[in-house]
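Data block for work13.json (JSON, C-alpha atoms and all ligand atoms):
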[["chain", "number", "residue", "atom", "x", "y", "z"],
["Z", 1, "MET", "CA", -4.44, -37.99, 112.01],
["Z", 2, "SER", "CA", -5.50, -34.46, 112.89],
["Z", 3, "PHE", "CA", -6.79, -32.08, 110.26],
["Z", 4, "SER", "CA", -3.90, -29.72, 111.16],
["Z", 5, "ASN", "CA", -1.49, -32.48, 110.20],
["Z", 6, "ASP", "CA", -3.31, -33.13, 106.92],
["Z", 7, "VAL", "CA", -3.02, -29.44, 106.10],
["Z", 8, "ARG", "CA", 0.68, -29.33, 107.10],
["Z", 9, "ASN", "CA", 1.49, -32.40, 105.03],
["Z", 10, "GLU", "CA", -0.16, -30.84, 102.04],
["Z", 11, "LEU", "CA", 1.51, -27.45, 102.55],
["Z", 12, "ALA", "CA", 4.92, -29.09, 102.96],
["Z", 13, "ARG", "CA", 4.64, -30.29, 99.36],
["Z", 14, "VAL", "CA", 3.69, -26.91, 97.91],
["Z", 15, "MET", "CA", 6.94, -25.28, 96.82],
["Z", 16, "PRO", "CA", 7.12, -21.55, 96.12],
["Z", 17, "GLU", "CA", 8.00, -20.79, 92.52],
["Z", 18, "LYS", "CA", 9.72, -17.46, 92.91],
["Z", 19, "GLU", "CA", 12.91, -16.60, 94.74],
["Z", 20, "CYS", "CA", 11.17, -13.83, 96.73],
["Z", 21, "CYS", "CA", 8.50, -16.27, 97.93],
["Z", 22, "CYS", "CA", 11.12, -18.83, 98.96],
["Z", 23, "GLN", "CA", 12.74, -16.29, 101.27],
["Z", 24, "ALA", "CA", 9.38, -15.22, 102.67],
["Z", 25, "GLU", "CA", 8.34, -18.77, 103.54],
["Z", 26, "LEU", "CA", 11.73, -19.70, 104.95],
["Z", 27, "SER", "CA", 11.69, -16.57, 107.07],
["Z", 28, "ALA", "CA", 8.29, -17.49, 108.50],
["Z", 29, "LEU", "CA", 9.49, -21.02, 109.24],
["Z", 30, "LEU", "CA", 12.59, -19.75, 111.03],
["Z", 31, "THR", "CA", 10.83, -17.13, 113.15],
["Z", 32, "SER", "CA", 9.85, -19.72, 115.70],
["Z", 33, "GLY", "CA", 11.49, -19.32, 119.07],
["Z", 34, "SER", "CA", 13.42, -22.54, 118.65],
["Z", 35, "THR", "CA", 15.75, -21.21, 115.96],
["Z", 36, "VAL", "CA", 19.29, -20.90, 117.25],
["Z", 37, "VAL", "CA", 22.01, -19.15, 115.25],
["Z", 38, "GLU", "CA", 25.53, -19.46, 116.61],
["Z", 39, "PHE", "CA", 28.72, -17.83, 115.52],
["Z", 40, "GLU", "CA", 31.47, -20.29, 114.65],
["Z", 41, "GLU", "CA", 35.03, -19.89, 113.44],
["Z", 42, "ASP", "CA", 34.13, -20.45, 109.82],
["Z", 43, "GLY", "CA", 30.68, -18.89, 109.70],
["Z", 44, "TYR", "CA", 27.42, -19.56, 111.49],
["Z", 45, "SER", "CA", 25.49, -22.66, 112.43],
["Z", 46, "LEU", "CA", 21.72, -22.72, 112.49],
["Z", 47, "GLN", "CA", 19.40, -25.17, 114.21],
["Z", 48, "VAL", "CA", 15.67, -25.10, 114.16],
["Z", 49, "ARG", "CA", 13.40, -27.52, 116.00],
["Z", 50, "VAL", "CA", 9.93, -28.32, 114.76],
["Z", 51, "GLU", "CA", 7.27, -30.77, 115.91],
["Z", 52, "ASN", "CA", 6.21, -31.99, 112.52],
["Z", 53, "ALA", "CA", 8.07, -34.11, 109.96],
["Z", 54, "ALA", "CA", 6.44, -32.32, 107.04],
["Z", 55, "THR", "CA", 7.60, -28.95, 108.35],
["Z", 56, "ALA", "CA", 11.16, -30.25, 108.79],
["Z", 57, "ARG", "CA", 11.07, -31.53, 105.21],
["Z", 58, "LYS", "CA", 9.93, -28.14, 103.96],
["Z", 59, "ILE", "CA", 12.76, -26.31, 105.72],
["Z", 60, "PHE", "CA", 15.23, -28.84, 104.35],
["Z", 61, "LYS", "CA", 13.94, -28.29, 100.80],
["Z", 62, "LEU", "CA", 13.96, -24.50, 101.09],
["Z", 63, "PHE", "CA", 17.54, -24.55, 102.36],
["Z", 64, "LYS", "CA", 18.43, -26.69, 99.39],
["Z", 65, "ARG", "CA", 16.87, -24.15, 97.04],
["Z", 66, "ASN", "CA", 19.26, -21.63, 98.59],
["Z", 67, "GLY", "CA", 22.17, -23.96, 97.89],
["Z", 68, "LEU", "CA", 22.50, -25.01, 101.54],
["Z", 69, "GLN", "CA", 22.95, -28.59, 102.67],
["Z", 70, "SER", "CA", 21.24, -29.42, 105.93],
["Z", 71, "THR", "CA", 20.69, -32.42, 108.15],
["Z", 72, "VAL", "CA", 17.50, -33.53, 109.88],
["Z", 73, "ARG", "CA", 17.65, -35.30, 113.23],
["Z", 74, "ILE", "CA", 14.72, -36.91, 114.96],
["Z", 75, "GLY", "CA", 14.58, -36.84, 118.72],
["Z", 76, "ASN", "CA", 12.06, -37.49, 121.45],
["Z", 77, "ARG", "CA", 10.84, -34.57, 123.41],
["Z", 78, "LYS", "CA", 11.52, -35.54, 127.00],
["Z", 79, "ARG", "CA", 8.69, -33.72, 128.65],
["Z", 80, "PHE", "CA", 5.96, -35.24, 126.56],
["Z", 81, "GLY", "CA", 7.31, -38.73, 126.15],
["Z", 82, "LYS", "CA", 6.19, -39.92, 122.78],
["Z", 83, "THR", "CA", 6.14, -36.65, 120.90],
["Z", 84, "LYS", "CA", 8.86, -36.51, 118.29],
["Z", 85, "ILE", "CA", 10.89, -33.45, 117.62],
["Z", 86, "TYR", "CA", 12.72, -32.75, 114.39],
["Z", 87, "GLU", "CA", 15.88, -30.71, 114.31],
["Z", 88, "VAL", "CA", 17.07, -29.23, 111.04],
["Z", 89, "ALA", "CA", 20.66, -28.01, 111.13],
["Z", 90, "THR", "CA", 22.71, -26.23, 108.51],
["Z", 91, "HIS", "CA", 25.90, -24.30, 108.24],
["Z", 92, "PHE", "CA", 26.47, -20.88, 106.71],
["Z", 93, "SER", "CA", 29.96, -20.18, 105.46],
["Z", 94, "ALA", "CA", 31.29, -16.76, 104.53],
["Z", 95, "ASP", "CA", 29.92, -17.26, 100.97],
["Z", 96, "ASN", "CA", 26.31, -17.49, 101.94],
["Z", 97, "LEU", "CA", 26.12, -15.23, 104.97],
["Z", 98, "SER", "CA", 23.96, -12.86, 102.92],
["Z", 99, "ILE", "CA", 21.11, -15.37, 103.16],
["Z", 100, "LEU", "CA", 21.17, -15.08, 106.94],
["Z", 101, "GLN", "CA", 21.23, -11.30, 106.65],
["Z", 102, "GLU", "CA", 18.34, -11.26, 104.22],
["Z", 103, "LEU", "CA", 16.34, -13.40, 106.59],
["Z", 104, "HIS", "CA", 17.34, -10.98, 109.38],
["Z", 105, "LEU", "CA", 18.70, -13.76, 111.51],
["Z", 106, "ILE", "CA", 21.97, -11.88, 111.94],
["Z", 107, "GLU", "CA", 22.86, -8.23, 111.65],
["Z", 108, "ASP", "CA", 23.58, -6.85, 108.21],
["Z", 109, "ASN", "CA", 26.71, -4.91, 107.23],
["Z", 110, "ASN", "CA", 25.33, -1.77, 108.85],
["Z", 111, "ASN", "CA", 24.78, -3.64, 112.10],
["Z", 112, "ARG", "CA", 21.04, -3.52, 111.58],
["Z", 113, "ARG", "CA", 18.73, -6.38, 112.26],
["Z", 114, "GLN", "CA", 15.40, -5.30, 110.92],
["Z", 115, "PHE", "CA", 12.05, -6.83, 111.33],
["Z", 116, "ARG", "CA", 11.20, -9.07, 108.39],
["Z", 117, "SER", "CA", 8.20, -7.10, 107.18],
["Z", 118, "HIS", "CA", 9.92, -6.13, 103.91],
["Z", 119, "LEU", "CA", 9.92, -9.83, 102.97],
["Z", 120, "THR", "CA", 6.14, -9.74, 102.80],
["Z", 121, "ARG", "CA", 5.62, -6.66, 100.69],
["Z", 122, "LYS", "CA", 4.36, -8.49, 97.60],
["Z", 123, "THR", "CA", 1.09, -10.43, 97.59],
["Z", 124, "CYS", "CA", 2.81, -13.62, 96.37],
["Z", 125, "CYS", "CA", 5.20, -13.39, 99.33],
["Z", 126, "LYS", "CA", 2.39, -12.67, 101.78],
["Z", 127, "ARG", "CA", 0.78, -15.99, 100.83],
["Z", 128, "CYS", "CA", 4.03, -17.90, 101.25],
["Z", 129, "PHE", "CA", 4.82, -16.22, 104.56],
["Z", 130, "LEU", "CA", 1.39, -17.24, 105.88],
["Z", 131, "ARG", "CA", 2.00, -20.77, 104.64],
["Z", 132, "GLY", "CA", 5.27, -20.88, 106.59],
["Z", 133, "VAL", "CA", 3.51, -19.48, 109.63],
["Z", 134, "PHE", "CA", 0.87, -22.21, 109.51],
["Z", 135, "LEU", "CA", 3.49, -24.92, 109.01],
["Z", 136, "SER", "CA", 5.45, -23.82, 112.04],
["Z", 137, "ARG", "CA", 2.70, -22.72, 114.44],
["Z", 138, "GLY", "CA", -0.75, -23.30, 112.98],
["Z", 139, "PHE", "CA", -3.70, -25.41, 114.10],
["Z", 140, "VAL", "CA", -7.08, -25.88, 112.51],
["Z", 141, "ASN", "CA", -10.02, -27.95, 113.72],
["Z", 142, "ARG", "CA", -11.61, -30.55, 111.53],
["Z", 143, "PRO", "CA", -14.68, -28.88, 109.96],
["Z", 144, "GLU", "CA", -16.94, -31.50, 111.59],
["Z", 145, "ASN", "CA", -16.05, -29.86, 114.93],
["Z", 146, "ASP", "CA", -16.26, -26.20, 115.93],
["Z", 147, "TYR", "CA", -14.72, -23.89, 113.39],
["Z", 148, "HIS", "CA", -11.36, -22.71, 114.72],
["Z", 149, "LEU", "CA", -8.02, -21.81, 113.18],
["Z", 150, "GLU", "CA", -5.17, -20.44, 115.24],
["Z", 151, "LEU", "CA", -1.56, -19.33, 114.87],
["Z", 152, "VAL", "CA", 0.49, -19.16, 118.07],
["Z", 153, "PHE", "CA", 3.23, -16.57, 118.63],
["Z", 154, "THR", "CA", 5.62, -15.68, 121.39],
["Z", 155, "GLY", "CA", 6.09, -12.06, 120.32],
["Z", 156, "GLU", "CA", 3.53, -9.34, 119.81],
["Z", 157, "LYS", "CA", 5.22, -7.76, 116.81],
["Z", 158, "LEU", "CA", 4.97, -10.86, 114.65],
["Z", 159, "ALA", "CA", 1.44, -11.66, 115.83],
["Z", 160, "VAL", "CA", 0.23, -8.19, 114.85],
["Z", 161, "HIS", "CA", 2.11, -8.40, 111.55],
["Z", 162, "VAL", "CA", 0.40, -11.70, 110.71],
["Z", 163, "GLN", "CA", -2.97, -10.23, 111.68],
["Z", 164, "LYS", "CA", -2.31, -7.47, 109.12],
["Z", 165, "LEU", "CA", -1.27, -9.98, 106.45],
["Z", 166, "LEU", "CA", -4.53, -11.84, 107.01],
["Z", 167, "ALA", "CA", -6.48, -8.59, 106.76],
["Z", 168, "HIS", "CA", -4.87, -8.07, 103.34],
["Z", 169, "PHE", "CA", -6.76, -11.17, 102.18],
["Z", 170, "ASP", "CA", -9.92, -9.97, 103.92],
["Z", 171, "ILE", "CA", -9.54, -12.54, 106.70],
["Z", 172, "GLU", "CA", -10.48, -10.93, 109.99],
["Z", 173, "ALA", "CA", -8.46, -12.41, 112.85],
["Z", 174, "ARG", "CA", -8.48, -11.63, 116.55],
["Z", 175, "ILE", "CA", -5.72, -11.97, 119.12],
["Z", 176, "PHE", "CA", -5.89, -13.31, 122.65],
["Z", 177, "GLU", "CA", -3.28, -14.20, 125.25],
["Z", 178, "ARG", "CA", -2.73, -17.77, 126.42],
["Z", 179, "LYS", "CA", 0.07, -18.80, 128.78],
["Z", 180, "ASN", "CA", 2.55, -16.13, 127.68],
["Z", 181, "ASN", "CA", 1.69, -16.75, 124.04],
["Z", 182, "LEU", "CA", -0.33, -14.63, 121.70],
["Z", 183, "VAL", "CA", -2.89, -16.55, 119.70],
["Z", 184, "VAL", "CA", -4.12, -15.13, 116.41],
["Z", 185, "TYR", "CA", -7.38, -16.89, 115.64],
["Z", 186, "VAL", "CA", -10.17, -17.08, 113.09],
["Z", 187, "LYS", "CA", -13.60, -18.46, 113.97],
["Z", 188, "GLU", "CA", -15.67, -17.72, 110.89],
["Z", 189, "SER", "CA", -15.97, -20.84, 108.72],
["Z", 190, "GLU", "CA", -15.90, -18.93, 105.42],
["Z", 191, "LYS", "CA", -12.69, -17.14, 106.44],
["Z", 192, "ILE", "CA", -10.98, -20.38, 107.48],
["Z", 193, "GLY", "CA", -11.79, -21.64, 103.99],
["Z", 194, "ASP", "CA", -10.27, -18.43, 102.59],
["Z", 195, "PHE", "CA", -7.09, -19.03, 104.62],
["Z", 196, "LEU", "CA", -6.72, -22.57, 103.23],
["Z", 197, "ARG", "CA", -7.18, -21.15, 99.74],
["Z", 198, "VAL", "CA", -4.65, -18.34, 100.29],
["Z", 199, "VAL", "CA", -1.89, -20.66, 101.51],
["Z", 200, "GLY", "CA", -2.56, -23.21, 98.75],
["Z", 201, "ALA", "CA", -4.03, -26.14, 100.71],
["Z", 202, "SER", "CA", -6.45, -27.06, 97.91],
["Z", 203, "ARG", "CA", -7.17, -30.63, 98.98],
["Z", 204, "ALA", "CA", -7.83, -29.64, 102.59],
["Z", 205, "LEU", "CA", -9.97, -26.78, 101.30],
["Z", 206, "LEU", "CA", -12.10, -29.20, 99.29],
["Z", 207, "GLU", "CA", -12.69, -31.40, 102.32],
["Z", 208, "PHE", "CA", -13.36, -28.37, 104.49],
["Z", 209, "GLU", "CA", -15.87, -26.85, 102.06],
["Z", 210, "ASN", "CA", -17.73, -30.14, 101.54],
["Z", 211, "VAL", "CA", -18.30, -30.58, 105.26],
["Z", 212, "ARG", "CA", -19.13, -26.90, 105.64],
["Z", 213, "ILE", "CA", -21.84, -27.07, 102.96],
["Z", 214, "ILE", "CA", -23.38, -30.21, 104.47],
["Z", 215, "LYS", "CA", -23.34, -28.63, 107.93],
["Z", 216, "SER", "CA", -24.90, -25.40, 106.77],
["Z", 217, "MET", "CA", -27.64, -27.27, 104.87],
["Z", 218, "ARG", "CA", -28.38, -29.34, 107.94],
["Z", 219, "ASN", "CA", -28.65, -26.16, 110.01],
["Z", 220, "THR", "CA", -31.04, -24.56, 107.53],
["Z", 221, "VAL", "CA", -33.27, -27.65, 107.47],
["Z", 222, "ASN", "CA", -33.25, -27.84, 111.29],
["Z", 223, "ARG", "CA", -34.15, -24.18, 111.51],
["Z", 224, "GLN", "CA", -37.06, -24.63, 109.10],
["Z", 225, "VAL", "CA", -38.34, -27.70, 110.92],
["Z", 226, "ASN", "CA", -38.07, -25.92, 114.29],
["Z", 227, "CYS", "CA", -39.86, -22.92, 112.88],
["Z", 228, "GLU", "CA", -42.69, -25.00, 111.39],
["Z", 229, "THR", "CA", -43.05, -26.96, 114.61],
["Z", 230, "ALA", "CA", -43.18, -23.75, 116.62],
["Z", 231, "ASN", "CA", -45.85, -22.25, 114.34],
["Z", 232, "LEU", "CA", -47.95, -25.40, 114.46],
["Z", 233, "ALA", "CA", -47.71, -25.45, 118.26],
["Z", 234, "LYS", "CA", -48.85, -21.82, 118.36],
["Z", 235, "THR", "CA", -51.81, -22.56, 116.09],
["Z", 236, "ILE", "CA", -52.88, -25.55, 118.19],
["Z", 237, "ASP", "CA", -52.55, -23.62, 121.47],
["Z", 238, "ALA", "CA", -54.73, -20.83, 120.16],
["Z", 239, "SER", "CA", -57.18, -23.29, 118.65],
["Z", 240, "VAL", "CA", -57.62, -25.23, 121.90],
["Z", 241, "ARG", "CA", -58.33, -21.98, 123.76],
["Z", 242, "GLN", "CA", -60.82, -20.80, 121.11],
["Z", 243, "ILE", "CA", -62.71, -24.11, 121.01],
["Z", 244, "ASP", "CA", -62.93, -24.15, 124.79],
["Z", 245, "LEU", "CA", -64.37, -20.60, 124.83],
["Z", 246, "ILE", "CA", -66.88, -21.40, 122.10],
["Z", 247, "ASN", "CA", -68.05, -24.62, 123.77],
["Z", 248, "ARG", "CA", -68.48, -22.97, 127.18],
["Z", 249, "ALA", "CA", -70.36, -20.00, 125.71],
["Z", 250, "MET", "CA", -72.69, -22.12, 123.57],
["Z", 251, "LYS", "CA", -73.46, -24.41, 126.50],
["Z", 252, "LYS", "CA", -74.60, -21.39, 128.46],
["Z", 253, "GLU", "CA", -76.55, -19.53, 125.81],
["Z", 254, "GLY", "CA", -76.99, -21.74, 122.76],
["Z", 255, "TRP", "CA", -76.25, -20.82, 119.15],
["Z", 256, "LYS", "CA", -79.38, -18.91, 118.23],
["Z", 257, "ASN", "CA", -78.24, -15.43, 119.27],
["Z", 258, "LEU", "CA", -74.95, -15.74, 117.45],
["Z", 259, "PRO", "CA", -74.83, -13.78, 114.14],
["Z", 260, "PRO", "CA", -74.47, -16.22, 111.18],
["Z", 261, "GLN", "CA", -70.91, -15.17, 110.13],
["Z", 262, "PHE", "CA", -69.64, -15.85, 113.71],
["Z", 263, "LYS", "CA", -71.54, -19.11, 113.92],
["Z", 264, "GLU", "CA", -69.92, -20.18, 110.65],
["Z", 265, "LEU", "CA", -66.43, -19.40, 111.98],
["Z", 266, "ALA", "CA", -67.10, -21.09, 115.33],
["Z", 267, "LEU", "CA", -68.24, -24.29, 113.59],
["Z", 268, "LEU", "CA", -65.23, -24.26, 111.25],
["Z", 269, "ARG", "CA", -62.91, -23.82, 114.20],
["Z", 270, "ILE", "CA", -64.39, -26.82, 115.96],
["Z", 271, "GLU", "CA", -64.29, -28.92, 112.81],
["Z", 272, "TYR", "CA", -60.71, -28.01, 111.83],
["Z", 273, "PRO", "CA", -58.76, -27.48, 115.09],
["Z", 274, "ASP", "CA", -55.35, -27.74, 113.42],
["Z", 275, "TYR", "CA", -56.02, -25.15, 110.69],
["Z", 276, "THR", "CA", -54.34, -21.77, 110.75],
["Z", 277, "LEU", "CA", -56.52, -18.68, 110.59],
["Z", 278, "LYS", "CA", -55.46, -18.26, 106.97],
["Z", 279, "GLU", "CA", -56.66, -21.77, 106.14],
["Z", 280, "LEU", "CA", -59.97, -21.17, 107.95],
["Z", 281, "GLY", "CA", -60.38, -18.00, 105.89],
["Z", 282, "GLU", "CA", -60.32, -20.08, 102.72],
["Z", 283, "LEU", "CA", -63.33, -22.10, 103.95],
["Z", 284, "THR", "CA", -65.66, -19.23, 104.91],
["Z", 285, "GLN", "CA", -68.37, -18.00, 102.49],
["Z", 286, "PRO", "CA", -67.22, -15.68, 101.03],
["Z", 287, "PRO", "CA", -63.54, -16.41, 101.71],
["Z", 288, "LEU", "CA", -61.76, -14.07, 104.12],
["Z", 289, "SER", "CA", -58.19, -12.80, 104.23],
["Z", 290, "LYS", "CA", -55.95, -13.84, 107.14],
["Z", 291, "SER", "CA", -56.45, -10.47, 108.84],
["Z", 292, "GLY", "CA", -60.20, -10.67, 108.15],
["Z", 293, "VAL", "CA", -60.43, -14.04, 109.94],
["Z", 294, "ALA", "CA", -58.21, -12.79, 112.75],
["Z", 295, "TYR", "CA", -60.53, -9.81, 113.30],
["Z", 296, "ARG", "CA", -63.65, -11.97, 113.24],
["Z", 297, "MET", "CA", -62.05, -14.54, 115.56],
["Z", 298, "ARG", "CA", -61.11, -11.82, 118.09],
["Z", 299, "ARG", "CA", -64.71, -10.56, 118.12],
["Z", 300, "LEU", "CA", -66.02, -14.14, 118.48],
["Z", 301, "GLU", "CA", -63.69, -14.71, 121.43],
["Z", 302, "LYS", "CA", -64.82, -11.43, 123.01],
["Z", 303, "MET", "CA", -68.50, -12.38, 122.61],
["Z", 304, "ALA", "CA", -67.86, -15.79, 124.11],
["Z", 305, "GLU", "CA", -65.99, -14.26, 127.05],
["Z", 306, "ASP", "CA", -68.88, -11.83, 127.69],
["Z", 307, "ILE", "CA", -71.35, -14.70, 127.70],
["Z", 308, "ILE", "CA", -69.26, -16.78, 130.06],
["Z", 309, "GLY", "CA", -68.54, -13.68, 132.15],
["Z", 310, "ILE", "CA", -64.74, -13.68, 132.17],
["Z", 401, "ZN", "ZN", 7.00, -13.53, 96.17]]
Spell out the structure here as structure tokens.
Amino acid sequence: MSFSNDVRNELARVMPEKECCCQAELSALLTSGSTVVEFEEDGYSLQVRVENAATARKIFKLFKRNGLQSTVRIGNRKRFGKTKIYEVATHFSADNLSILQELHLIEDNNNRRQFRSHLTRKTCCKRCFLRGVFLSRGFVNRPENDYHLELVFTGEKLAVHVQKLLAHFDIEARIFERKNNLVVYVKESEKIGDFLRVVGASRALLEFENVRIIKSMRNTVNRQVNCETANLAKTIDASVRQIDLINRAMKKEGWKNLPPQFKELALLRIEYPDYTLKELGELTQPPLSKSGVAYRMRRLEKMAEDIIGI
């Protein structure tokens, strides 16, 4: 099963405690384009189609909290063959029309149908709204793969609103367009973890963080190994060149004209080809600092080049 589904199944079981939060989450779940509200003789009917059983269950439970009975039907989506589709349907009579108005699914008494932003004023409601958004339109990669979390919207207003809600929790999200949809996405692993924490997916968060820590440790170790390998390669390259220069120069002119401190360094270089300059400095009499050895080595190389005539 996909990690998105794991997260959805977990979120479907997290029920908001407060009335305000219930409305916020239900509102987010019903903002999907598939919600149809129709006027009927004795009130309104509402149908919402979702692709996930857990999400359908959550809508069913939230309706129940509002005192509404609903039915869930399972159908097959024709275009994609096997994919199931879940349709939650309920009926609003004159007694509970206010719920529809509060959710801004129909006009209120003043013929206004506002945007739902007032439902997300409080921090508790912001969390629940984001949870509803993920349940109805969220995807997150398994942490073993590339880090990616996205929420897909058909309208710009809601996408921008959700981006602002995320910013409230210090989660920076970007928006891009994909096939007439707007995709709000988060790439930073730490922020995806924050999202899971904010919406209350604690089990998924634990799994996510475990993998994230292992991955980041592996990266650090790889970086260190690469770095050490690169340094060693540099040392050896330089050493091979130095030994070659020394050998060619000594063959031509012999060792006797070489001042003793340079002769000492030349012999050490030949004896310890894999040592860094710092390590060679520890062997000279008296010991030399890294920069001291580097200076002496440069002069030795220059002398050798002059002798060879390059
Ligand atoms: Zn609330």
* Within 10 Å of segment 38-51 of chain Z, counting all atoms listed in the file, which residues show up once you throw out same-chain ones fewer than 4 positions away? Write them as a PyMOL selection string, please. => chain Z and resi 29-34+55-56+59+70-77+83-97+100+105-106+135-137
* Expressed in Å to a single decimal, how great is the separation between atom CA of Glu172 of chain Z and atom CA of Lys18 of chain Z? -> 27.2 Å
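Relative to atom CA of Pro273 of chain Z, atom CA of Gln242 of chain Z is found at 9.2 Å.
Between ligand ZN 401 (chain Z) and the candidates Z:Lys126, Z:Arg178, Z:Arg218, Z:Lys61, the tightest atom-to-atom separation, counting only C-alpha atoms and all ligand atoms, involves Z:Lys126.
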* ligand ZN 401 (chain Z) neighbours within 8 Å using all atoms listed in the file, as JSON, numbers by chain -> {"Z": [18, 19, 20, 21, 22, 24, 120, 122, 123, 124, 125, 126, 128]}
* Taking the point (5.5, -12.6, 124.2) as given in the file, collect each protein or nucleic acid residue that comes within 10 Å of it, counting all atoms listed in the file, and present the set as a PyMOL selection string. => chain Z and resi 153-159+177-182
Pull the closest atom pair for each residue of segment 205-224 of chain Z that gets at most 12 Å from segment 138-151 of chain Z, along with the distance in Å to one decimal, counting all atoms listed in the file, ordering rows by chain and then ascending residue number, as a Markdown table.
| residue | atom | partner | partner_atom | distance |
| --- | --- | --- | --- | --- |
| Z:Leu205 | CA | Z:Pro143 | CA | 10.1 |
| Z:Leu206 | CA | Z:Pro143 | CA | 11.0 |
| Z:Glu207 | CA | Z:Pro143 | CA | 8.3 |
| Z:Phe208 | CA | Z:Pro143 | CA | 5.7 |
| Z:Glu209 | CA | Z:Pro143 | CA | 8.2 |
| Z:Asn210 | CA | Z:Pro143 | CA | 9.0 |
| Z:Val211 | CA | Z:Pro143 | CA | 6.2 |
| Z:Arg212 | CA | Z:Pro143 | CA | 6.5 |
| Z:Ile213 | CA | Z:Pro143 | CA | 10.2 |
| Z:Ile214 | CA | Z:Glu144 | CA | 9.7 |
| Z:Lys215 | CA | Z:Glu144 | CA | 7.9 |
| Z:Ser216 | CA | Z:Glu144 | CA | 11.1 |
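Nearest to Phe195 of chain Z of all the residues Z:Ile246, Z:Leu258, Z:Val133, Z:Val183 is Z:Val133, counting only C-alpha atoms.
Counting from atom CA of Pro286 of chain Z, the distance to atom CA of Met250 of chain Z is 24.1 Å.
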* Who sits within 10 Å of Lys263 of chain Z, only C-alpha atoms, same chain under 6 positions skipped, as a PyMOL selection string -> chain Z and resi 246+255-257+269+300
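If all atoms listed in the file are the atoms counted, then among Z:Lys58, Z:Ala266, Z:Glu25, Z:Val186 the closest residue to Val152 of chain Z is Z:Val186.
Among the candidates Z:Leu232, Z:Asp170, Z:Leu265, Z:Ile99, the residue lying nearest to Gly67 of chain Z is Z:Ile99 (atoms considered: all atoms listed in the file).
Using only C-alpha atoms, the smallest distance between any of Z:Phe60, Z:Thr235, Z:Ile307, Z:Ile270 and Gly254 of chain Z comes from Z:Ile307.
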